[in-house]
file work10.csv (CSV, C-alpha atoms)
chain,number,residue,atom,x,y,z
A,1,MET,CA,0.0,0.0,0.0
A,2,SER,CA,1.5,3.3,-1.1
A,3,GLY,CA,5.1,2.5,-0.4
A,4,TYR,CA,4.7,1.9,3.3
A,5,ALA,CA,7.5,0.3,5.3
A,6,HIS,CA,5.1,-2.3,6.8
A,7,PRO,CA,2.1,-2.6,4.5
A,8,GLU,CA,1.1,-5.9,6.2
A,9,VAL,CA,-0.3,-4.0,9.2
A,10,LEU,CA,-3.0,-2.3,7.1
A,11,VAL,CA,-6.1,-3.9,5.6
A,12,THR,CA,-8.7,-2.4,3.4
A,13,THR,CA,-12.4,-2.2,4.1
A,14,ASP,CA,-12.8,-4.6,1.1
A,15,TRP,CA,-10.4,-7.1,2.7
A,16,VAL,CA,-12.4,-7.0,6.0
A,17,ASP,CA,-15.7,-7.4,4.1
A,18,HIS,CA,-14.3,-10.7,2.7
A,19,HIS,CA,-12.6,-12.0,5.8
A,20,SER,CA,-14.3,-10.6,8.9
A,21,ARG,CA,-15.8,-14.0,9.7
A,22,ASP,CA,-12.9,-16.2,8.8
A,23,GLY,CA,-11.6,-18.6,11.4
A,24,GLY,CA,-8.3,-17.2,12.7
A,25,VAL,CA,-9.4,-13.6,12.2
A,26,ARG,CA,-10.9,-11.5,15.0
A,27,VAL,CA,-12.2,-8.1,14.0
A,28,VAL,CA,-12.5,-5.6,16.9
A,29,GLU,CA,-14.2,-2.2,17.0
A,30,VAL,CA,-12.7,0.3,19.4
A,31,ASP,CA,-14.3,3.7,19.4
A,32,VAL,CA,-13.9,7.1,21.1
A,33,ASP,CA,-17.7,7.1,21.4
A,34,THR,CA,-18.3,3.8,23.0
A,35,GLY,CA,-21.9,3.7,21.9
A,36,SER,CA,-21.1,3.5,18.2
A,37,TYR,CA,-20.6,-0.3,18.2
A,38,ASP,CA,-24.2,-0.8,19.2
A,39,GLU,CA,-25.5,1.3,16.3
A,40,GLY,CA,-24.2,-1.4,13.9
A,41,HIS,CA,-20.8,-2.8,13.3
A,42,VAL,CA,-18.8,-4.9,10.9
A,43,PRO,CA,-20.5,-8.4,10.8
A,44,GLY,CA,-18.5,-10.7,13.1
A,45,ALA,CA,-16.8,-7.9,15.0
A,46,ILE,CA,-16.7,-7.7,18.7
A,47,GLY,CA,-16.4,-4.3,20.6
A,48,TRP,CA,-14.0,-3.1,23.2
A,49,ALA,CA,-14.6,0.0,25.3
A,50,TRP,CA,-11.4,2.0,25.6
A,51,ASP,CA,-12.4,3.5,28.9
A,52,SER,CA,-13.1,0.3,30.8
A,53,GLN,CA,-11.5,-2.5,29.0
A,54,LEU,CA,-8.3,-1.0,27.6
A,55,CYS,CA,-6.9,0.7,30.7
A,56,ASP,CA,-6.5,0.1,34.4
A,57,THR,CA,-9.6,1.6,35.9
A,58,VAL,CA,-8.0,2.4,39.3
A,59,VAL,CA,-4.4,3.5,38.5
A,60,ARG,CA,-3.9,5.7,35.5
A,61,ASP,CA,-2.2,3.1,33.3
A,62,ILE,CA,-2.5,0.8,30.4
A,63,LEU,CA,-4.0,-2.7,31.0
A,64,PRO,CA,-2.0,-4.8,33.4
A,65,LYS,CA,-0.7,-7.9,31.8
A,66,ASP,CA,-3.1,-10.3,33.5
A,67,ARG,CA,-6.1,-8.2,32.6
A,68,PHE,CA,-4.8,-8.0,29.0
A,69,GLU,CA,-4.6,-11.7,28.9
A,70,LYS,CA,-8.1,-12.0,30.2
A,71,LEU,CA,-9.5,-9.6,27.6
A,72,MET,CA,-7.8,-11.4,24.8
A,73,GLY,CA,-8.9,-14.8,26.1
A,74,ASP,CA,-12.5,-13.6,26.6
A,75,SER,CA,-12.4,-12.3,23.1
A,76,GLY,CA,-11.6,-15.7,21.7
A,77,ILE,CA,-8.1,-14.5,20.6
A,78,SER,CA,-5.2,-16.9,20.5
A,79,ARG,CA,-1.5,-16.0,19.8
A,80,ASP,CA,-2.0,-17.0,16.2
A,81,THR,CA,-5.2,-15.0,15.6
A,82,VAL,CA,-5.1,-12.1,13.1
A,83,VAL,CA,-6.5,-9.2,15.1
A,84,VAL,CA,-8.0,-6.5,12.9
A,85,LEU,CA,-8.8,-3.2,14.7
A,86,TYR,CA,-11.0,-0.4,13.5
A,87,GLY,CA,-13.0,2.5,15.1
A,88,ASP,CA,-14.3,6.0,14.9
A,89,ASN,CA,-12.3,9.2,14.6
A,90,ASN,CA,-10.0,7.7,12.0
A,91,ASN,CA,-9.0,4.8,14.3
A,92,TRP,CA,-7.8,6.9,17.3
A,93,PHE,CA,-8.6,4.2,19.9
A,94,ALA,CA,-8.1,1.4,17.5
A,95,ALA,CA,-4.5,2.6,17.2
A,96,TRP,CA,-4.4,2.8,21.0
A,97,ALA,CA,-5.5,-0.8,21.2
A,98,PHE,CA,-2.9,-1.7,18.5
A,99,TRP,CA,-0.2,-0.1,20.6
A,100,GLN,CA,-1.2,-2.1,23.6
A,101,LEU,CA,-1.3,-5.3,21.7
A,102,LYS,CA,2.2,-4.7,20.5
A,103,ILE,CA,3.3,-3.8,24.1
A,104,TYR,CA,2.2,-7.3,25.0
A,105,GLY,CA,3.7,-8.9,21.9
A,106,HIS,CA,0.7,-10.0,19.9
A,107,PRO,CA,2.2,-11.1,16.6
A,108,ASP,CA,-0.3,-10.2,13.9
A,109,VAL,CA,-2.3,-7.0,14.5
A,110,ARG,CA,-3.7,-4.8,11.7
A,111,LEU,CA,-5.7,-1.7,11.3
A,112,MET,CA,-8.6,-1.3,8.9
A,113,ASN,CA,-7.6,1.7,6.8
A,114,GLY,CA,-10.2,4.4,7.0
A,115,GLY,CA,-11.8,3.1,10.1
A,116,ARG,CA,-15.5,3.0,10.9
A,117,VAL,CA,-16.5,6.1,8.9
A,118,LYS,CA,-15.2,4.6,5.6
A,119,TRP,CA,-17.1,1.4,6.3
A,120,LEU,CA,-20.3,3.5,6.8
A,121,ALA,CA,-19.7,5.8,3.8
A,122,GLU,CA,-19.2,2.9,1.5
A,123,GLY,CA,-22.6,1.5,2.6
A,124,ARG,CA,-21.2,-1.9,3.7
A,125,GLU,CA,-23.1,-4.4,5.7
A,126,LEU,CA,-23.7,-3.7,9.4
A,127,SER,CA,-24.7,-6.1,12.1
A,128,LEU,CA,-26.4,-5.5,15.5
A,129,GLU,CA,-25.3,-9.0,16.7
A,130,SER,CA,-22.4,-9.6,18.9
A,131,PRO,CA,-20.8,-12.9,17.8
A,132,GLU,CA,-20.4,-15.8,20.2
A,133,VAL,CA,-16.8,-16.4,20.9
A,134,ALA,CA,-15.1,-19.5,22.4
A,135,PRO,CA,-12.8,-18.2,25.1
A,136,THR,CA,-9.1,-19.1,25.0
A,137,ASP,CA,-6.3,-19.3,27.5
A,138,TYR,CA,-4.1,-16.4,26.2
A,139,SER,CA,-0.5,-15.9,27.3
A,140,ALA,CA,1.0,-12.5,26.5
A,141,SER,CA,4.7,-11.7,26.3
A,142,GLY,CA,6.4,-8.5,27.3
A,143,PRO,CA,5.7,-5.8,28.2
A,144,ASP,CA,7.8,-4.2,25.5
A,145,LEU,CA,8.3,-0.8,27.0
A,146,SER,CA,10.6,0.3,24.1
A,147,ILE,CA,7.4,1.7,22.4
A,148,ARG,CA,6.2,3.5,25.5
A,149,ALA,CA,7.7,6.7,26.8
A,150,PHE,CA,7.4,7.9,30.4
A,151,LEU,CA,7.7,11.3,32.0
A,152,ASP,CA,11.4,11.0,32.8
A,153,GLN,CA,12.3,10.2,29.2
A,154,VAL,CA,10.2,13.1,28.0
A,155,ARG,CA,11.8,15.4,30.5
A,156,GLU,CA,15.3,14.3,29.3
A,157,ALA,CA,14.3,14.6,25.7
A,158,SER,CA,13.0,18.1,26.2
A,159,GLY,CA,16.2,19.2,27.8
A,160,SER,CA,18.8,17.4,25.6
A,161,GLY,CA,17.4,17.8,22.1
A,162,ALA,CA,18.7,14.3,21.3
A,163,THR,CA,15.2,13.0,20.8
A,164,ASP,CA,12.5,14.4,18.5
A,165,LEU,CA,9.3,15.3,20.4
A,166,VAL,CA,6.1,15.4,18.2
A,167,ASP,CA,3.0,17.0,19.6
A,168,VAL,CA,0.1,15.7,17.5
A,169,ARG,CA,-2.7,17.8,19.1
A,170,SER,CA,-4.4,20.6,17.2
A,171,PRO,CA,-2.6,23.9,16.7
A,172,ALA,CA,-4.8,25.7,19.2
A,173,GLU,CA,-3.9,23.1,21.9
A,174,PHE,CA,-0.2,23.3,21.0
A,175,SER,CA,-0.2,27.1,21.3
A,176,GLY,CA,-2.0,27.1,24.6
A,177,GLU,CA,-5.0,28.9,23.2
A,178,ILE,CA,-7.2,26.1,24.6
A,179,LEU,CA,-6.7,23.4,27.2
A,180,ALA,CA,-8.6,20.6,25.5
A,181,PRO,CA,-10.2,19.9,22.1
A,182,PRO,CA,-13.1,22.3,21.5
A,183,GLY,CA,-16.2,21.0,23.3
A,184,LEU,CA,-14.4,18.5,25.5
A,185,PRO,CA,-13.6,18.8,29.2
A,186,GLU,CA,-10.4,20.5,30.2
A,187,THR,CA,-8.0,18.0,31.8
A,188,CYS,CA,-5.0,20.1,32.6
A,189,GLN,CA,-4.0,23.2,34.6
A,190,ARG,CA,-1.8,24.8,32.0
A,191,GLY,CA,-1.9,25.2,28.2
A,192,GLY,CA,1.0,25.0,25.8
A,193,HIS,CA,3.5,22.3,24.8
A,194,VAL,CA,6.6,20.5,26.0
A,195,PRO,CA,9.6,22.7,25.2
A,196,GLY,CA,11.3,21.7,22.0
A,197,ALA,CA,8.3,19.8,20.6
A,198,ARG,CA,7.3,20.1,17.0
A,199,SER,CA,3.6,20.5,16.1
A,200,ILE,CA,2.4,17.9,13.6
A,201,PRO,CA,-1.3,17.4,14.1
A,202,TRP,CA,-2.4,13.7,13.7
A,203,GLY,CA,-5.1,14.7,11.3
A,204,LYS,CA,-2.6,15.8,8.7
A,205,THR,CA,-1.6,12.1,8.2
A,206,CYS,CA,-5.1,11.3,6.8
A,207,ALA,CA,-6.8,11.8,3.5
A,208,GLN,CA,-10.3,13.1,3.3
A,209,ASP,CA,-11.8,9.6,3.3
A,210,GLY,CA,-10.0,8.7,6.6
A,211,THR,CA,-7.3,6.5,5.0
A,212,PHE,CA,-3.7,7.2,5.6
A,213,LYS,CA,-1.8,9.4,3.1
A,214,SER,CA,0.9,7.9,1.0
A,215,ALA,CA,4.3,7.2,2.4
A,216,GLY,CA,5.7,10.0,0.3
A,217,ALA,CA,3.2,12.5,1.6
A,218,LEU,CA,3.8,11.4,5.2
A,219,ARG,CA,7.6,11.6,4.8
A,220,GLU,CA,7.2,15.1,3.5
A,221,LEU,CA,4.9,16.1,6.3
A,222,TYR,CA,7.2,15.0,9.0
A,223,GLY,CA,10.4,16.0,7.1
A,224,ALA,CA,9.1,19.6,6.9
A,225,GLU,CA,9.4,19.7,10.7
A,226,GLY,CA,12.8,18.0,10.8
A,227,ILE,CA,11.5,14.6,11.7
A,228,VAL,CA,13.3,12.2,9.4
A,229,GLY,CA,13.8,9.1,11.6
A,230,ASP,CA,17.5,9.7,12.2
A,231,ARG,CA,17.0,9.7,16.0
A,232,PRO,CA,14.5,8.5,18.6
A,233,ILE,CA,11.0,10.0,18.4
A,234,VAL,CA,8.4,10.5,21.1
A,235,ALA,CA,4.8,11.3,20.1
A,236,TYR,CA,2.3,12.8,22.6
A,237,CYS,CA,-1.1,14.3,22.6
A,238,ARG,CA,-3.6,14.9,25.5
A,239,ILE,CA,-4.2,11.3,26.8
A,240,GLY,CA,-2.2,9.2,24.4
A,241,GLU,CA,-4.7,7.9,21.9
A,242,ARG,CA,-4.1,10.5,19.1
A,243,SER,CA,-0.4,10.0,19.6
A,244,SER,CA,-0.7,6.2,19.2
A,245,HIS,CA,-2.2,7.0,15.8
A,246,SER,CA,0.9,9.0,14.9
A,247,TRP,CA,3.2,6.4,16.6
A,248,PHE,CA,1.6,3.9,14.2
A,249,VAL,CA,2.3,6.1,11.2
A,250,LEU,CA,5.9,6.8,12.2
A,251,LYS,CA,6.8,3.3,13.2
A,252,TYR,CA,4.9,1.1,10.7
A,253,LEU,CA,4.1,3.3,7.7
A,254,LEU,CA,7.4,5.1,7.6
A,255,GLY,CA,9.4,2.4,9.3
A,256,TYR,CA,11.3,4.8,11.6
A,257,GLU,CA,13.2,3.2,14.5
A,258,GLY,CA,13.0,4.1,18.1
A,259,VAL,CA,9.5,5.6,18.0
A,260,SER,CA,7.5,5.6,21.3
A,261,ASN,CA,4.2,6.9,22.6
A,262,TYR,CA,4.1,9.1,25.7
A,263,ASP,CA,0.6,8.2,26.9
A,264,GLY,CA,1.0,10.4,30.0
A,265,SER,CA,0.8,13.1,27.4
A,266,TRP,CA,-0.4,16.7,28.1
A,267,THR,CA,-2.7,15.5,30.9
A,268,GLU,CA,0.4,14.6,32.8
A,269,TRP,CA,2.8,17.3,31.7
A,270,GLY,CA,0.3,20.1,31.8
A,271,ASN,CA,-0.6,19.3,35.4
A,272,LEU,CA,3.0,18.8,36.7
A,273,VAL,CA,4.2,21.2,39.3
A,274,GLY,CA,7.3,23.0,38.0
A,275,ALA,CA,7.3,21.5,34.5
A,276,PRO,CA,8.5,24.0,31.9
A,277,VAL,CA,5.9,24.9,29.3
A,278,GLU,CA,6.2,26.7,26.0
A,279,ARG,CA,3.4,28.7,24.5
A,280,GLY,CA,2.7,30.0,21.1
A,281,ALA,CA,3.0,28.4,17.7
B,1,MET,CA,-28.6,-3.5,7.2
B,2,LYS,CA,-26.3,-0.6,6.0
B,3,ALA,CA,-25.7,3.0,6.6
B,4,GLU,CA,-27.7,4.8,3.9
B,5,SER,CA,-27.8,8.4,2.7
B,6,PHE,CA,-24.4,9.1,4.2
B,7,SER,CA,-23.8,12.8,4.3
B,8,VAL,CA,-21.0,15.1,5.6
B,9,SER,CA,-21.2,18.9,5.9
B,10,GLU,CA,-19.1,21.5,7.6
B,11,LEU,CA,-20.3,24.6,9.4
B,12,GLU,CA,-19.2,27.0,12.2
B,13,LEU,CA,-20.6,26.8,15.7
B,14,ALA,CA,-19.6,29.1,18.5
B,15,GLY,CA,-16.7,30.2,16.4
B,16,TRP,CA,-15.4,26.6,15.8
B,17,PRO,CA,-15.4,24.7,12.6
B,18,VAL,CA,-17.6,21.6,13.0
B,19,ARG,CA,-18.2,18.6,10.8
B,20,VAL,CA,-21.7,17.1,10.9
B,21,THR,CA,-22.1,13.6,9.7
B,22,SER,CA,-25.6,12.0,9.3
B,23,TYR,CA,-26.9,8.7,7.9
B,24,ARG,CA,-29.7,6.3,8.3
B,25,ILE,CA,-29.4,2.8,9.7
B,26,GLY,CA,-32.7,0.9,9.5
B,27,GLU,CA,-35.4,3.3,10.6
B,28,THR,CA,-33.2,5.5,12.7
B,29,TRP,CA,-31.3,8.6,11.6
B,30,HIS,CA,-28.0,9.2,13.3
B,31,ALA,CA,-26.1,12.5,13.4
B,32,LYS,CA,-22.7,13.2,14.9
B,33,ALA,CA,-20.7,16.4,15.3
B,34,ASP,CA,-17.0,16.6,15.6
B,35,ASN,CA,-14.6,19.5,15.9
B,36,VAL,CA,-12.7,19.5,12.6
B,37,SER,CA,-9.4,20.2,14.5
B,38,PRO,CA,-8.6,17.9,16.2
B,39,GLY,CA,-11.4,15.8,15.0
B,40,ALA,CA,-13.0,14.6,18.2
B,41,ASN,CA,-16.6,13.7,18.4
B,42,ILE,CA,-18.5,16.2,20.6
B,43,ALA,CA,-22.1,15.3,20.2
B,44,ARG,CA,-24.4,12.6,18.7
B,45,ALA,CA,-28.1,12.3,18.3
B,46,ARG,CA,-30.8,10.0,16.9
B,47,ALA,CA,-34.2,10.8,15.5
B,48,GLU,CA,-36.8,9.6,13.0
B,49,GLY,CA,-35.6,12.0,10.4
B,50,ARG,CA,-32.4,13.5,9.2
B,51,GLU,CA,-33.3,17.1,9.9
B,52,GLN,CA,-34.4,16.3,13.5
B,53,ALA,CA,-31.2,14.4,14.1
B,54,GLU,CA,-29.0,17.2,12.8
B,55,VAL,CA,-30.9,19.9,14.7
B,56,LYS,CA,-30.4,17.9,17.9
B,57,VAL,CA,-26.8,17.3,17.3
B,58,ILE,CA,-26.1,21.0,16.4
B,59,GLU,CA,-27.8,22.1,19.6
B,60,ARG,CA,-25.8,19.8,21.8
B,61,ALA,CA,-22.5,20.6,20.0
B,62,SER,CA,-23.2,24.4,20.2
B,63,GLU,CA,-23.7,24.1,24.0
B,64,ARG,CA,-20.5,22.2,24.5
B,65,LEU,CA,-18.4,24.4,22.1
B,66,GLY,CA,-19.8,27.5,23.7
B,67,ALA,CA,-18.3,26.4,27.0
B,68,THR,CA,-14.8,26.1,25.6
B,69,ARG,CA,-12.5,28.7,27.1
B,70,ARG,CA,-10.0,30.5,24.7
B,71,ARG,CA,-7.0,32.2,26.0
B,72,PRO,CA,-6.4,35.6,24.3
B,73,ARG,CA,-3.7,35.3,21.6
B,74,ALA,CA,-1.9,38.2,23.2
B,75,ASP,CA,-1.1,36.0,26.2
B,76,LEU,CA,0.5,33.3,24.1
B,77,GLY,CA,3.7,35.0,23.2
B,78,SER,CA,4.5,34.3,19.6
call {"tool": "encode", "arguments": {"input": "work10.csv", "output": "structure tokens"}}
result
Amino acid sequence: MSGYAHPEVLVTTDWVDHHSRDGGVRVVEVDVDTGSYDEGHVPGAIGWAWDSQLCDTVVRDILPKDRFEKLMGDSGISRDTVVVLYGDNNNWFAAWAFWQLKIYGHPDVRLMNGGRVKWLAEGRELSLESPEVAPTDYSASGPDLSIRAFLDQVREASGSGATDLVDVRSPAEFSGEILAPPGLPETCQRGGHVPGARSIPWGKTCAQDGTFKSAGALRELYGAEGIVGDRPIVAYCRIGERSSHSWFVLKYLLGYEGVSNYDGSWTEWGNLVGAPVERGA
Amino acid sequence: MKAESFSVSELELAGWPVRVTSYRIGETWHAKADNVSPGANIARARAEGREQAEVKVIERASERLGATRRRPRADLGS
């Protein structure tokens, strides 16, 4: 697909249409708006709720390994299952799920290019039924924390300049004009960005129909801000889901090494006592 | 069952660009509003007709967007 470094991690809506009920394939819808699945979903797909099933609901963290294994097992997923993820908002939380599946070492995970909106716009079949699944006894590996950045790494990156920081939020969030996406609750005390970060909004990686832009266009987009894959890259947003989308682009579509997602993101940094903040474009 | 009469339009609400998507699944019309940048869903509605669903979603989105606080640009430095 379009010169991507790892085209095997993307499938088309057409592919899903033909394989969503295959044995060995599990399609999972993961939405920002957790009610979307119940409106109608890809036939054969199950649904995961990002806010209850893909995070620790007590501590602010990703799923602990044992709960991840339970989720996968309850979803009828084995280590050799091809997991295809899709969702609303151009796959924001589908990418978040993809990132967690890779942290815990699931071998074959793919995104449906274009996500839920493309499926709807193409008038493809929808189902209201949740498929019955046969539970498995799933064993995860990892966690592979090389793809996850923590506060100390970001602090060091901001100070040293040896790592590229990519802020994927909207320009108004980056500048500090607003503290959260318009219409959503504010979750931080201060507006602005991590000093040294480059502003490359996630939405610029997508075409009008929700699919990813070509490798050439993506390389040009990041290259214009000096992000060329010659040193480690940390992507961040507000809570880590938009940045998992950009992490996916940088790591799998462009094939850059050393890309990690700072899921603490601005909700952590923008609430931190004493953390330096830059404002303006 | 499919999404039918899928439609996307853009408008400005409370000073923010908004994308309204509407479609029919079965007998129900669905409408959603998202902020164009960054693209987050801010409201959704269902109704028996497209117009009613869109009116509802625009009302809800306007209310939420109107509560968004903007820092004056002069305070932002560059």
call {"tool": "closest_residue", "arguments": {"input": "work10.csv", "among": "A:Leu111, A:Ala162, A:Val25, A:Val32", "to": "chain B", "atoms": "only C-alpha atoms"}}
result
A:Val32
call {"tool": "interface_residues", "arguments": {"input": "work10.csv", "of": "chain A", "to": "chain B", "cutoff": "10 Å", "atoms": "all atoms listed in the file", "output": "PyMOL selection string"}}
result
chain A and resi 32-33+35-36+39-42+88-90+92+117+119-128+168-173+175-186+191-192+201-204+242+278-281
call {"tool": "closest_residue", "arguments": {"input": "work10.csv", "among": "A:Met72, A:Ala5, A:Ala49, A:Val83", "to": "A:His19", "atoms": "all atoms listed in the file"}}
result
A:Val83
call {"tool": "atom_distance", "arguments": {"input": "work10.csv", "atom1": "atom CA of A:Glu241", "atom2": "atom CA of A:Ile46"}}
result
19.9 Å
call {"tool": "atom_distance", "arguments": {"input": "work10.csv", "atom1": "atom CA of B:Ala47", "atom2": "atom CA of B:Ser22"}}
result
10.7 Å
call {"tool": "atom_distance", "arguments": {"input": "work10.csv", "atom1": "atom CA of A:Val30", "atom2": "atom CA of A:Arg198"}}
result
28.2 Å
call {"tool": "closest_residue", "arguments": {"input": "work10.csv", "among": "A:Arg116, A:Arg219, A:His245, A:Arg231", "to": "A:Val27", "atoms": "all atoms listed in the file"}}
result
A:Arg116
call {"tool": "residues_near_point", "arguments": {"input": "work10.csv", "point": "(3.1, -8.4, 20.1)", "cutoff": "12 Å", "atoms": "all atoms listed in the file", "output": "list in words"}}
result
Phe68, Ser78, Arg79, Asp80, Thr81, Val82, Val83, Ala97, Phe98, Trp99, Gln100, Leu101, Lys102, Ile103, Tyr104, Gly105, His106, Pro107, Asp108, Val109, Arg110, Ser139, Ala140, Ser141, Gly142, Pro143, Asp144, Leu145 and Ile147 of chain A
call {"tool": "residues_around", "arguments": {"input": "work10.csv", "residues": "A:Phe150", "least_positions_apart": "2", "cutoff": "9 Å", "atoms": "only C-alpha atoms", "output": "list in words"}}
result
Arg148, Asp152, Gln153, Val154, Arg155, Asn261, Tyr262, Asp263, Gly264 and Ser265 of chain A
call {"tool": "closest_residue", "arguments": {"input": "work10.csv", "among": "A:Leu254, A:Leu54, A:Ile62, A:Ala197", "to": "A:Gly3", "atoms": "only C-alpha atoms"}}
result
A:Leu254
call {"tool": "closest_residue", "arguments": {"input": "work10.csv", "among": "A:Ser158, A:Thr12, A:Gln208, A:Thr136", "to": "A:Asn113", "atoms": "only C-alpha atoms"}}
result
A:Thr12
call {"tool": "closest_residue", "arguments": {"input": "work10.csv", "among": "A:Trp247, A:Arg190, A:Glu156, A:Asp22", "to": "A:Gly274", "atoms": "only C-alpha atoms"}}
result
A:Arg190
